[in-house]
Structures are given as C-alpha cells and as structure tokens.
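Novice: Below is the file start.cif, which contains mmCIF, C-alpha atoms.
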data_run
loop_
_atom_site.label_atom_id
_atom_site.label_comp_id
_atom_site.auth_asym_id
_atom_site.auth_seq_id
_atom_site.Cartn_x
_atom_site.Cartn_y
_atom_site.Cartn_z
CA MET A 1 7.72 26.73 0.90
CA THR A 2 9.70 27.23 4.07
CA VAL A 3 12.71 25.20 5.14
CA THR A 4 10.51 23.36 7.66
CA ASP A 5 7.94 22.55 4.98
CA SER A 6 10.59 21.25 2.58
CA ALA A 7 12.07 19.11 5.39
CA LYS A 8 8.61 17.65 6.06
CA VAL A 9 8.12 16.92 2.36
CA ARG A 10 11.52 15.19 2.24
CA GLN A 11 10.64 13.14 5.32
CA LEU A 12 7.27 12.17 3.83
CA ALA A 13 8.98 11.14 0.59
CA GLU A 14 11.57 9.12 2.51
CA PHE A 15 8.85 7.49 4.63
CA SER A 16 6.90 6.62 1.44
CA VAL A 17 9.72 4.61 -0.17
CA PRO A 18 8.26 1.19 0.80
CA ALA A 19 4.77 2.08 -0.48
CA ALA A 20 6.07 3.47 -3.77
CA SER A 21 8.30 0.40 -4.12
CA VAL A 22 5.24 -1.85 -4.01
CA GLY A 23 3.77 0.02 -6.99
CA ILE A 24 7.05 -0.16 -8.88
CA ALA A 25 7.29 -3.89 -8.17
CA ALA A 26 3.75 -4.43 -9.47
CA GLY A 27 4.64 -2.58 -12.67
CA LEU A 28 7.82 -4.60 -13.10
CA VAL A 29 5.84 -7.82 -12.69
CA ALA A 30 3.30 -6.65 -15.29
CA GLY A 31 6.08 -5.70 -17.71
CA GLY A 32 7.88 -8.97 -17.07
CA LEU A 33 4.71 -10.95 -17.69
CA ALA A 34 4.12 -9.07 -20.95
CA ALA A 35 7.65 -9.95 -22.08
CA PHE A 36 7.24 -13.54 -20.88
CA VAL A 37 4.13 -14.10 -23.01
CA GLY A 38 5.99 -12.86 -26.08
CA ARG A 39 5.04 -9.20 -26.37
CA PRO A 40 7.69 -6.96 -27.94
CA ILE A 41 10.10 -5.33 -25.48
CA GLY A 42 8.64 -1.88 -26.16
CA TRP A 43 5.17 -3.16 -25.30
CA ALA A 44 6.51 -4.73 -22.10
CA LEU A 45 8.22 -1.46 -21.12
CA VAL A 46 5.04 0.56 -21.74
CA THR A 47 3.04 -1.98 -19.75
CA GLY A 48 5.50 -1.91 -16.87
CA LEU A 49 5.96 1.85 -16.71
CA GLY A 50 2.31 2.58 -17.49
CA LEU A 51 1.33 0.59 -14.44
CA ALA A 52 4.34 1.20 -12.15
CA ILE A 53 4.13 5.00 -12.20
CA PRO A 54 0.46 5.39 -11.20
CA LEU A 55 0.67 2.55 -8.65
CA ALA A 56 3.82 4.06 -7.14
CA LEU A 57 2.13 7.47 -6.90
CA PHE A 58 -0.99 5.99 -5.32
CA GLY A 59 1.19 3.92 -2.98
CA ALA A 60 3.04 7.05 -1.90
CA GLY A 61 -0.33 8.74 -1.40
CA TYR A 62 -1.37 5.93 0.93
CA ALA A 63 1.88 6.29 2.89
CA VAL A 64 1.37 10.03 3.23
CA LEU A 65 -2.13 9.46 4.63
CA LEU A 66 -0.66 6.93 7.04
CA ALA A 67 2.18 9.25 8.06
CA LEU A 68 -0.19 12.17 8.64
CA GLY A 69 -2.49 10.05 10.79
CA ARG A 70 -5.44 10.13 8.37
CA ILE A 71 -5.55 6.32 8.38
CA PRO A 72 -4.45 3.96 11.16
CA ALA A 73 -1.46 1.65 10.83
CA GLY A 74 -2.08 -2.08 10.51
CA VAL A 75 -5.79 -1.84 9.64
CA PHE A 76 -7.08 -3.35 6.41
CA ALA A 77 -10.41 -1.51 5.91
CA PRO A 78 -8.89 1.92 5.14
CA ALA A 79 -6.43 0.31 2.71
CA ALA A 80 -9.31 -1.53 1.02
CA VAL A 81 -11.28 1.70 0.59
CA TYR A 82 -8.20 3.58 -0.62
CA TRP A 83 -7.32 0.93 -3.20
CA ALA A 84 -10.97 0.53 -4.32
CA ILE A 85 -10.46 4.03 -5.72
CA GLY A 86 -6.72 4.09 -6.46
CA PHE A 87 -6.33 0.69 -8.14
CA PRO A 88 -9.01 1.25 -10.82
CA LEU A 89 -7.68 4.74 -11.52
CA ALA A 90 -4.13 3.39 -11.88
CA LEU A 91 -5.37 0.73 -14.30
CA LEU A 92 -7.35 3.38 -16.19
CA ALA A 93 -4.15 5.44 -16.56
CA HIS A 94 -2.36 2.28 -17.73
CA SER A 95 -5.12 1.65 -20.28
CA VAL A 96 -4.93 5.21 -21.61
CA VAL A 97 -1.12 5.04 -21.92
CA THR A 98 -1.34 1.67 -23.68
CA GLU A 99 -3.98 2.97 -26.09
CA TRP A 100 -1.85 6.02 -26.76
CA THR A 101 1.21 3.89 -27.48
CA VAL A 102 -0.60 1.39 -29.69
CA ALA A 103 -3.08 3.66 -31.52
CA GLY A 104 -1.13 6.92 -31.42
CA THR A 105 -3.85 8.74 -29.51
CA PRO A 106 -4.97 8.44 -25.89
CA GLY A 107 -8.36 6.91 -25.37
CA LEU A 108 -10.59 5.49 -22.70
CA PRO A 109 -11.51 1.81 -22.62
CA ALA A 110 -14.93 0.80 -23.92
CA GLU A 111 -17.56 1.30 -21.20
CA PRO A 112 -15.24 3.09 -18.75
CA TRP A 113 -17.67 2.80 -15.79
CA LYS A 114 -17.81 -0.97 -16.16
CA PHE A 115 -14.02 -0.99 -16.52
CA LEU A 116 -13.64 0.96 -13.27
CA ALA A 117 -16.28 -1.09 -11.40
CA PHE A 118 -14.66 -4.40 -12.30
CA ARG A 119 -11.21 -3.12 -11.32
CA ALA A 120 -12.67 -1.91 -8.01
CA LEU A 121 -13.72 -5.50 -7.32
CA LEU A 122 -10.22 -6.72 -8.11
CA SER A 123 -8.72 -4.04 -5.90
CA MET A 124 -9.37 -6.01 -2.71
CA GLY A 125 -6.76 -8.56 -3.72
CA PHE A 126 -4.31 -5.81 -4.56
CA ALA A 127 -5.05 -4.08 -1.24
CA ILE A 128 -4.24 -7.27 0.68
CA GLY A 129 -0.97 -7.70 -1.20
CA PHE A 130 -0.14 -4.01 -0.92
CA ILE A 131 -0.68 -3.86 2.84
CA TRP A 132 1.40 -7.01 3.36
CA MET A 133 4.26 -5.86 1.11
CA HIS A 134 4.17 -2.33 2.51
CA GLU A 135 4.50 -3.59 6.07
CA GLN A 136 7.20 -6.11 5.14
CA LEU A 137 9.30 -3.51 3.34
CA GLY A 138 8.51 -0.88 5.96
CA ARG A 139 9.72 -3.01 8.86
CA HIS A 140 13.13 -3.10 7.20
CA TRP A 141 13.16 0.52 5.97
CA TRP A 142 11.62 2.55 8.82
CA PRO A 143 14.09 1.47 11.53
CA ARG A 144 16.89 2.83 9.31
CA ILE A 145 15.30 6.29 9.24
CA LEU A 146 13.81 6.44 12.76
CA ASP A 147 16.52 8.71 14.14
CA HIS A 148 15.75 11.57 11.74
CA ASN A 149 12.24 10.91 10.36
CA LEU A 150 9.36 11.92 12.62
CA TYR A 151 6.80 10.11 10.40
CA ALA A 152 8.66 6.82 10.67
CA ARG A 153 8.88 7.24 14.45
CA TRP A 154 5.17 7.97 14.73
CA VAL A 155 4.03 5.07 12.52
CA VAL A 156 6.43 2.59 14.14
CA ALA A 157 5.05 3.69 17.52
CA GLN A 158 1.54 2.91 16.20
CA TYR A 159 2.64 -0.57 15.16
CA VAL A 160 4.30 -1.15 18.54
CA GLU A 161 1.12 -0.03 20.32
CA LEU A 162 -0.95 -2.34 18.10
CA ALA A 163 1.40 -5.27 18.81
CA ASP A 164 1.29 -4.57 22.55
CA SER A 165 -2.51 -4.41 22.46
CA LEU A 166 -2.72 -7.71 20.60
CA ALA A 167 -0.27 -9.32 23.03
CA GLU A 168 -2.33 -8.10 26.01
CA ARG A 169 -5.51 -9.41 24.42
CA LYS A 170 -3.90 -12.80 23.79
CA ALA A 171 -2.60 -12.96 27.37
CA ALA A 172 -6.06 -12.12 28.74
CA THR A 173 -7.62 -14.82 26.58
CA ASP A 174 -5.01 -17.34 27.73
CA ARG A 175 -5.66 -16.42 31.40
CA HIS A 176 -9.41 -16.79 30.86
CA ARG A 177 -8.95 -20.22 29.27
CA SER A 178 -6.65 -21.34 32.11
CA LYS A 179 -9.20 -20.31 34.74
CA ARG A 180 -11.97 -22.09 32.85
CA ARG A 181 -9.88 -25.28 32.66
CA GLU A 182 -9.11 -25.08 36.40
CA ARG A 183 -12.83 -24.77 37.20
CA THR A 184 -13.77 -27.75 35.05
CA ALA A 185 -10.95 -29.95 36.33
#
Translate this file's structure into structure tokens.
Specialist:
Amino acid sequence: MTVTDSAKVRQLAEFSVPAASVGIAAGLVAGGLAAFVGRPIGWALVTGLGLAIPLALFGAGYAVLLALGRIPAGVFAPAAVYWAIGFPLALLAHSVVTEWTVAGTPGLPAEPWKFLAFRALLSMGFAIGFIWMHEQLGRHWWPRILDHNLYARWVVAQYVELADSLAERKAATDRHRSKRRERTA
C-alpha cells in the first residue's frame, strides 16, 4: 500500500465515522433494551456488541460506497437495497454470536432463509432511520473535515447540488402556480 493509498483509506475511514456511529448507536440501544428488560449484564453486552459491530461495519461500507460515488447522496432507494442485504446479515451475525455465547457453540437460527427474508422486510425501517441519522450526523461531522478530506468535499457538494436542484424545482412550481392564479383572477 502506497502513502497515497493509505491516505485515501484514512480519509474514507474518517468520512465513515457518522455511518459507523449509527451502527454503534443501534447496538447500544439493543444492549440497553436487553438490560432494561432484566437480562444479565453479560447478555446485554453480548447483545449490544453482537449487533453494534456488524451494523457499524455495514454502515461504514455504505459510507465508502457513497464516498466513492457508487451510490448517490440523499437518495433512499440505494440505501434500501443496501440495507435489505446488510441488515439481515448483521442480525444473522448477531444471532450466531448470541448462540455461541449462550450454547457455547456458534449456530445458525432455525430456518435461516426465513430468518433472513423476514429481516429483509424489516430492513426498510432500519434503512429509513439509518439514512436520516447518517445525514444528521454527517451534516455536523463533514464540515469539520472538509478542508482535508476529499470524500467529504465531494459528498457535501452532491448534497449542495441536490438542495439547489430542489430549490429550483420549488421556485419553478411557485412561479407556475402564481401565473395560473393570475390567469384565473
């Protein structure tokens, strides 16, 4: 790996902080809920880490695809497709880790295809929350790294272009409505 490659990897990792943070937050919530309902602290930790690590890795994967221009910024459909695959796999990893902790040996859930299919259905809700959280955290994080992170600059420029396009569309619609009202008056 050259110096340039390692700098790009560091910039991708830095850019991915908001996306990985969403996965970590989801794991913390799962662990907190396990503790809240009375599970032992060890169980809650396994639940939290068993979910946080794969979700953080998949979140970082999403951010890398975004940073490399493989998916567009601010568009839900690519996130939905990504998480229809990533979310069930993260939950499968969580299930295997939980089984390993409880039974002493890793194991798949009963009927793994049904397990994955059902989680794929649930993934749409996670994708909506992920995209929202990622953009909320990103809008605070990316401006801090714009001066030295080319991926942050490129993605922020995409969001600015999207916002400008939406503003132009709204202005055109407003002009069209005004003209229509003038003609009917």
Novice: Can you pull out every residue within 9 Å of Leu137 (chain A), counting all atoms listed in the file, but drop anything in the same chain fewer than 2 positions away, and send it as JSON, numbers by chain?
Specialist: {"A": [17, 18, 19, 21, 22, 132, 133, 134, 135, 139, 140, 141, 142]}
Novice: Considering all atoms listed in the file, state which residue in the set A:Ala26, A:Ser95, A:Ala167, A:Pro88 is at the smallest distance from Lys114 (chain A).
Specialist: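 Under the stated criterion, the closest residue is A:Pro88.
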Novice: With the PyMOL selection byres ((chain A and resi 37-53) around 10) as the selection, what would be picked from this file? Answer as an NGL selection string, please.
Specialist: :A and (20-36 or 54-59 or 87 or 90-98 or 101-102)
Novice: For Gly125 (chain A), which of A:Ala152, A:Ala79, A:Val160, A:Gly138 is the closest residue, counting only C-alpha atoms?
Specialist: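 Among the listed residues, A:Ala79 lies closest to Gly125 (chain A).
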Novice: Find the distance between CA of Lys170 (chain A) and CA of Ala80 (chain A) and write it in Å to one decimal.
Specialist: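 It comes out at 26.0 Å.
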Novice: Which residue out of A:Ile145, A:Val75, A:Met124, A:Ile85 has the minimum interatomic distance to Gln11 (chain A) when all atoms listed in the file are used?
Specialist: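 Of A:Ile145, A:Val75, A:Met124, A:Ile85, the one nearest Gln11 (chain A), counting all atoms listed in the file, is A:Ile145.
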Novice: Take the PyMOL selection byres ((chain A and resi 151) around 7), apply it to the structure above, and return the hits as a list in words.
Specialist: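 On the file shown, the PyMOL selection byres ((chain A and resi 151) around 7) covers Leu12, Phe15, Ala67, Asn149, Leu150, Ala152, Arg153, Trp154 and Val155 of chain A.
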Novice: If you measure from CA of Ala60 (chain A) to CA of Trp100 (chain A), what distance in Å do you get, rounded to one decimal?
Specialist: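 Atom-to-atom, CA of Ala60 (chain A) to CA of Trp100 (chain A), that is 25.4 Å.
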Novice: Find the distance between CA of Asp164 (chain A) and CA of Glu182 (chain A) and write it in Å to one decimal.
Specialist: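 CA of Asp164 (chain A) sits 26.8 Å away from CA of Glu182 (chain A).
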Novice: I need the residue nearest Leu65 (chain A) from this list: A:Leu162, A:Ala13, A:Ala157, A:Ala171. Use all atoms listed in the file for the distance.
Specialist: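 Selected residue with least distance to Leu65 (chain A): A:Ala13.
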Novice: Between A:Glu161, A:Ala172, A:Leu166, A:Ala120, which is the closest to Pro72 (chain A) once you count all atoms listed in the file?
Specialist: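 Closest candidate: A:Glu161.
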